[in-house]
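Chemist: Once you've had a glance at the structure underneath, I'll fire off some questions.
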Amino acid sequence: MKHSTFLLFTLPSLSVMFLFIAIPIVSVFIQSLHIEHKQVIIVSENCDPFGCETTTSVDTEASAKLKEKAPLGKFNGFKTYSNRMHFAFDEIGEAWNSSDSFIVFVKKIYNYPLYRALSFTLTYTFVVTPFVLFLGFLVALGVNNLPKLLKGPTIFASLLPMIVTPLVGSLILFWMVDGDGVIGATLQKIFNDNSLSLKASPVLTWVMLMVYGIWHLMPFSFIVFYAGLQTVPHETIEAATIDGASKFQRTRHVVIPHLMPLAIFITLILLMDNFRVFEPIISFRAEAHATSISWLIWNHLRESAYPLYNAAGATSMITIFCVGILLLPVLIRTWRDFNEKNKG
Amino acid sequence: MFLKKLILGGLTALFFSSSLFAADCGPNGQSIRILASDFPAIHAIANSAESNCAGSASEFTRNHTTEARQIMNAAQTPDPAEYTSVIVANSTLVQLMNDGLVRPLNDLVEKYGGNLKSNQLITIDGKIMAIAFMANSQHMYYRTDILDKAGVDGMPATYDEIISAAEKIRSAGIMEHPLVMNLKVGWNVGEVFNTIYLAHGGEFFKQGSAEASINNAKGIAALETMKALVEYAHPDHLTQASDDTQGLWEAGQAAIGFMWGSRGGVILDNEGSSAEVTSNTVLSAAPTVTGGSIPGATLWWDGITIATNVSDSEAEATFAALVSGMTSEMVAANNDDAIWLIDGFKPGPAAAGVSATAQGGAKSYPMFAQMGLLHNALGAELVDFLKGAESAEQALSDVEAVYETAAKDAGYL
């Protein structure tokens, strides 16, 4: 294809991407470099049904004037990125100097919101992704071997976890693991411990969130693999059977290599999705034990009285950066494969 | 005194009943749009306003949502604002005032406020910014039958007495976790700290500045008290808010509760619980520290405000409609839904806890412009201490550091 034809061909999608992806990202970045103007505070006498007290309030007129002059706020440079809410450079330097062992240092780092959120987000991503890939593949193989009559209903049932809205799905599980719920009460019976609570223990909360994540995302990898299985060439399988390959060997040496490009595609999507884990933390009310990067962004914007746009912007930029790093190895590999194929 | 005032108010209302004339709804054909939280007392006020004045208005809409706090600033900032009135409480009034989203009501009160009492007027530097109609606070709930069975004399009045009563109930084998409190991570857990800190005589900010000052002996003592209480709370306490604690109480799974007064009516009614629970539930004042006198609670009021960014005639019609709802008839019909500040209220058993707490001299929820930021920081950072992962000093210094970062970004420091 000529370069100019290619350009014309992709122009609509490029311009839409520029308008709806590039520009918003740049605007979020610019916002993350600014903080609110200094509020003009006045001391005021405040009377309510219980008596009078001296408190403070914002002089809205004076504050509005400041805002009119510079609507973006006060320029703050990269200080939002380096402050305690994000990379906390100063605090980490101090923690390094004041800790006598590495474990103490790690413990101190864990105290800062971004690192705490990162530790859960990364663990979640690296546990859930391989499980979903592997289990999805197994389910796809299983369904593929079912008699025709059963296939339809089984596929529908296997897709259910993904059809159910994440918020509803996790709420149902949240009630089930409650001390009075089916799972929670059964566990208490089994371990004969009335105060056993999935919600009170950090480790069990992490496990619960990851199990939910696997349950919720498995249908996605299952259905993609299942579609891929329909394209496995019969001739190759037959040839392998004639050569005396067992079922396992056929799967290992014919089916898996055939599905490899699909696996890479699923890995890419799963890494991106899992890194943005959010809903289960809200519906499991797991904030005490597990926070994620997306949860941090939401938390910065949650209080409409004091929305921290700069902090939310900075966390968003960090998210994009981290997703980029995560995807890099997969992308490099795809690029290399592509080049090799073109050479060959 | 509080109780006496309320009863006196009720008696005067009998003589000067304001309902002798038809409700005055102000200018005709205006649009009235209300945003409010979602509990029975607020429905009562809004229902009454709607039935009086919906006829003369071109539109009367209501949005009742527990998320009101989170959406109100965004909804009221554009001109014209989404709602002509937001029904607020102490802290939400501050959050609207910080952005200049409520208008002074002095002239409207003069015109339509004939039946309002002076203690209903929330004034800031002489400007009336809201009209309160009910009071609320946290206080203690006790199951007298269980306290008796465990051999506790009378009702605990201090934190130490509560802890020893809880221990007695546990060691008698009646309940492993007799205590319920709203300790859900975030706003709720921060609020519990606020109440205990106030009971210890603490101040949230350095005098005349927005700098936090909670990392001190009182703060540490408050946290230690909180930790001692949490020992006896349900293991899932960090996920429990009002609906959950009320549920545990009504299911008979708790004997000592620190919950909102506004739940009193719902807990004591004959729905959702057994007679054994309701007949033995007694509401009493919030606890003090041993030897102290300030009840550990924050006093709240709920009241109406009028938006800045709406036309004057819409503002007038909305104000007239809402005030027309604040009558002694409305109170008589919904007596147990709230601790009404309006004439005609007869305090029943459901009001006992709040009255006793207010009478005991509990403090109002602090109205500092930057209080919300400190509250958020408390809600996020105290959890590590409660889980036992951190010392009290460390938790409090974390709170101050988080607050400082947020307050700088928001322009308060």
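Labeling convention for the structure tokens: chains A, B, ... as they appear, residues from 1 per chain, ligands from 1 in order of appearance.
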Tell me the residues of chain A close to chain B, meaning within 7 Å using only C-alpha atoms, as a count of residues only.

Modeler: 31

Chemist: Report the residues of segment 18-162 of chain B whose backbone DSSP state falls under helix (DSSP H, G or I), written as a ChimeraX atom specification.

Modeler: /B:18-20,40-56,68-76,90-98,106-112,118-120,144-149,159-162

Chemist: Would you mind listing what lies within 12 Å of Trp175 of chain A as a list in words, with only C-alpha atoms counted and same-chain residues fewer than 2 positions away left out?

Modeler: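 The filter keeps Val168, Gly169, Ser170, Leu171, Ile172, Leu173, Val177, Asp178, Gly179, Asp180, Gly181, Val182, Ile183, Gly184, Ala185, Leu198, Lys199, Ser283, Phe284 and Arg285 of chain A; Thr239 and Asp244 of chain B.
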
Chemist: Taking N, CA and C atoms for each residue, export the selection above as an mmCIF file, in the first residue's frame.

Modeler:
data_model
loop_
_atom_site.group_PDB
_atom_site.id
_atom_site.type_symbol
_atom_site.label_atom_id
_atom_site.label_comp_id
_atom_site.auth_asym_id
_atom_site.auth_seq_id
_atom_site.Cartn_x
_atom_site.Cartn_y
_atom_site.Cartn_z
ATOM 1 N N VAL A 168 -22.391 -6.008 41.067
ATOM 2 C CA VAL A 168 -23.390 -6.946 41.593
ATOM 3 C C VAL A 168 -22.724 -8.269 41.964
ATOM 4 N N GLY A 169 -21.861 -8.763 41.057
ATOM 5 C CA GLY A 169 -21.167 -10.023 41.314
ATOM 6 C C GLY A 169 -20.386 -9.982 42.602
ATOM 7 N N SER A 170 -19.636 -8.883 42.809
ATOM 8 C CA SER A 170 -18.815 -8.845 44.004
ATOM 9 C C SER A 170 -19.657 -8.609 45.247
ATOM 10 N N LEU A 171 -20.767 -7.872 45.103
ATOM 11 C CA LEU A 171 -21.638 -7.682 46.270
ATOM 12 C C LEU A 171 -22.208 -9.013 46.739
ATOM 13 N N ILE A 172 -22.612 -9.860 45.761
ATOM 14 C CA ILE A 172 -23.167 -11.161 46.119
ATOM 15 C C ILE A 172 -22.130 -11.964 46.906
ATOM 16 N N LEU A 173 -20.900 -11.944 46.406
ATOM 17 C CA LEU A 173 -19.839 -12.681 47.088
ATOM 18 C C LEU A 173 -19.565 -12.079 48.467
ATOM 19 N N VAL A 177 -19.553 -14.217 51.953
ATOM 20 C CA VAL A 177 -18.410 -14.447 52.845
ATOM 21 C C VAL A 177 -18.605 -13.786 54.208
ATOM 22 N N ASP A 178 -19.681 -13.047 54.385
ATOM 23 C CA ASP A 178 -19.984 -12.466 55.689
ATOM 24 C C ASP A 178 -20.080 -13.579 56.735
ATOM 25 N N GLY A 179 -19.804 -13.212 57.994
ATOM 26 C CA GLY A 179 -19.871 -14.197 59.069
ATOM 27 C C GLY A 179 -21.210 -14.917 59.123
ATOM 28 N N ASP A 180 -22.288 -14.244 58.653
ATOM 29 C CA ASP A 180 -23.610 -14.867 58.637
ATOM 30 C C ASP A 180 -23.958 -15.442 57.272
ATOM 31 N N GLY A 181 -23.037 -15.284 56.300
ATOM 32 C CA GLY A 181 -23.322 -15.760 54.949
ATOM 33 C C GLY A 181 -22.968 -17.225 54.777
ATOM 34 N N VAL A 182 -23.310 -17.774 53.619
ATOM 35 C CA VAL A 182 -23.113 -19.207 53.379
ATOM 36 C C VAL A 182 -21.640 -19.606 53.523
ATOM 37 N N ILE A 183 -20.760 -18.912 52.796
ATOM 38 C CA ILE A 183 -19.352 -19.300 52.816
ATOM 39 C C ILE A 183 -18.723 -18.998 54.170
ATOM 40 N N GLY A 184 -18.988 -17.778 54.674
ATOM 41 C CA GLY A 184 -18.383 -17.368 55.938
ATOM 42 C C GLY A 184 -18.758 -18.306 57.077
ATOM 43 N N ALA A 185 -20.050 -18.607 57.195
ATOM 44 C CA ALA A 185 -20.516 -19.452 58.293
ATOM 45 C C ALA A 185 -19.975 -20.879 58.155
ATOM 46 N N LEU A 198 -13.309 -13.480 56.911
ATOM 47 C CA LEU A 198 -12.564 -13.230 55.677
ATOM 48 C C LEU A 198 -12.296 -11.747 55.479
ATOM 49 N N LYS A 199 -13.171 -10.925 56.088
ATOM 50 C CA LYS A 199 -13.046 -9.493 55.845
ATOM 51 C C LYS A 199 -12.064 -8.828 56.797
ATOM 52 N N SER A 283 -16.835 -2.822 46.421
ATOM 53 C CA SER A 283 -17.979 -3.594 46.900
ATOM 54 C C SER A 283 -17.603 -4.565 48.008
ATOM 55 N N PHE A 284 -16.336 -4.971 48.094
ATOM 56 C CA PHE A 284 -15.910 -5.794 49.230
ATOM 57 C C PHE A 284 -15.555 -4.936 50.446
ATOM 58 N N ARG A 285 -15.647 -3.619 50.289
ATOM 59 C CA ARG A 285 -15.254 -2.674 51.340
ATOM 60 C C ARG A 285 -13.868 -3.034 51.868
ATOM 61 N N THR B 239 -15.693 -2.827 58.131
ATOM 62 C CA THR B 239 -16.573 -2.743 56.963
ATOM 63 C C THR B 239 -17.978 -2.304 57.351
ATOM 64 N N ASP B 244 -25.351 -1.598 58.821
ATOM 65 C CA ASP B 244 -24.859 -2.890 59.295
ATOM 66 C C ASP B 244 -24.969 -2.998 60.811
#

Chemist: Have a look at B:Asn106, B:Gln253, B:Ser262, B:Ser37 and name the one nearest to Asp337 of chain B; count only C-alpha atoms.

Modeler: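 With only C-alpha atoms as the atom set, the closest residue is B:Ser262.
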
Chemist: Could you check which of A:Ala70, A:Ala117, A:Ala22, A:Leu229 is closest to Ala263 of chain A, using only C-alpha atoms?

Modeler: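 So, comparing all the options, the nearest one is A:Leu229.
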
Chemist: In Å, with one decimal, what is the gap from atom CA of Ile34 of chain B to atom CA of Val310 of chain B?

Modeler: 12.4 Å

Chemist: Could you list, as a JSON list (two decimals) with N, CA and C atoms, in the first residue's frame, every residue within 10 Å of Ser51 of chain B, counting only C-alpha atoms and ignoring same-chain residues fewer than 6 positions away?

Modeler:
[["chain", "number", "residue", "atom", "x", "y", "z"],
["B", 321, "ALA", "N", -41.88, 27.33, 50.61],
["B", 321, "ALA", "CA", -42.43, 25.98, 50.61],
["B", 321, "ALA", "C", -41.83, 25.16, 51.75],
["B", 324, "SER", "N", -42.92, 26.29, 55.10],
["B", 324, "SER", "CA", -44.32, 25.95, 55.35],
["B", 324, "SER", "C", -44.47, 24.51, 55.84],
["B", 325, "GLY", "N", -43.43, 23.70, 55.56],
["B", 325, "GLY", "CA", -43.48, 22.31, 56.03],
["B", 325, "GLY", "C", -43.10, 22.15, 57.48]]

Chemist: Pro27 of chain B: which residues within 9 Å, counting only C-alpha atoms, same-chain residues fewer than 2 positions away excluded, as a list in words?

Modeler: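 Here the answer would be Cys25, Gly29, Gln30, Ser56, Ala57, Ser313, Glu314, Glu316, Ala317 and Ala320 of chain B.
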
Chemist: Need the shell around Leu141 of chain A: protein/DNA/RNA residues with any atom at most 10 Å away, counting only C-alpha atoms. Skip same-chain ones fewer than 2 positions apart. Format as an MDAnalysis selection string?

Modeler: chainID A and resid 135:139 143:146 222 225:226 229 251 255

Chemist: Keeping only C-alpha atoms, write the selected residues to a file as an mmCIF file, in the first residue's frame.

Modeler:
data_model
loop_
_atom_site.group_PDB
_atom_site.id
_atom_site.type_symbol
_atom_site.label_atom_id
_atom_site.label_comp_id
_atom_site.auth_asym_id
_atom_site.auth_seq_id
_atom_site.Cartn_x
_atom_site.Cartn_y
_atom_site.Cartn_z
ATOM 1 C CA LEU A 135 -7.944 -21.868 33.587
ATOM 2 C CA GLY A 136 -9.614 -20.215 30.609
ATOM 3 C CA PHE A 137 -7.634 -22.478 28.309
ATOM 4 C CA LEU A 138 -8.595 -25.583 30.297
ATOM 5 C CA VAL A 139 -12.287 -24.672 30.242
ATOM 6 C CA VAL A 143 -16.061 -27.404 26.358
ATOM 7 C CA ASN A 144 -14.568 -28.192 22.954
ATOM 8 C CA ASN A 145 -14.650 -31.919 23.766
ATOM 9 C CA LEU A 146 -18.276 -31.911 24.910
ATOM 10 C CA PHE A 222 -12.224 -18.968 27.768
ATOM 11 C CA PHE A 225 -9.475 -19.559 23.339
ATOM 12 C CA TYR A 226 -12.632 -21.450 22.416
ATOM 13 C CA LEU A 229 -9.767 -23.852 19.009
ATOM 14 C CA THR A 251 -2.351 -30.332 22.717
ATOM 15 C CA VAL A 255 -2.846 -26.739 19.687
#

Chemist: Could you tell me how far atom CA of Met218 of chain A lies from atom CA of Thr334 of chain A, in Å and to one decimal?

Modeler: 23.4 Å

Chemist: To one decimal in Å, tell me the separation between atom CA of Val28 of chain A and atom CA of Met317 of chain A.

Modeler: 7.8 Å

Chemist: As a list in words, please: every residue in segment 174-379 of chain B that a backbone DSSP assignment puts in strand (DSSP E).

Modeler: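 Put together, the selection reads Leu179, Val180, Met181, Ile256, Gly257, Phe258, Met259, Trp260, Thr281, Val282, Leu283, Ser284, Thr298, Leu299, Trp300, Trp301, Asp302, Gly303, Ile304, Ile339, Trp340, Lys363 and Ser364 of chain B.
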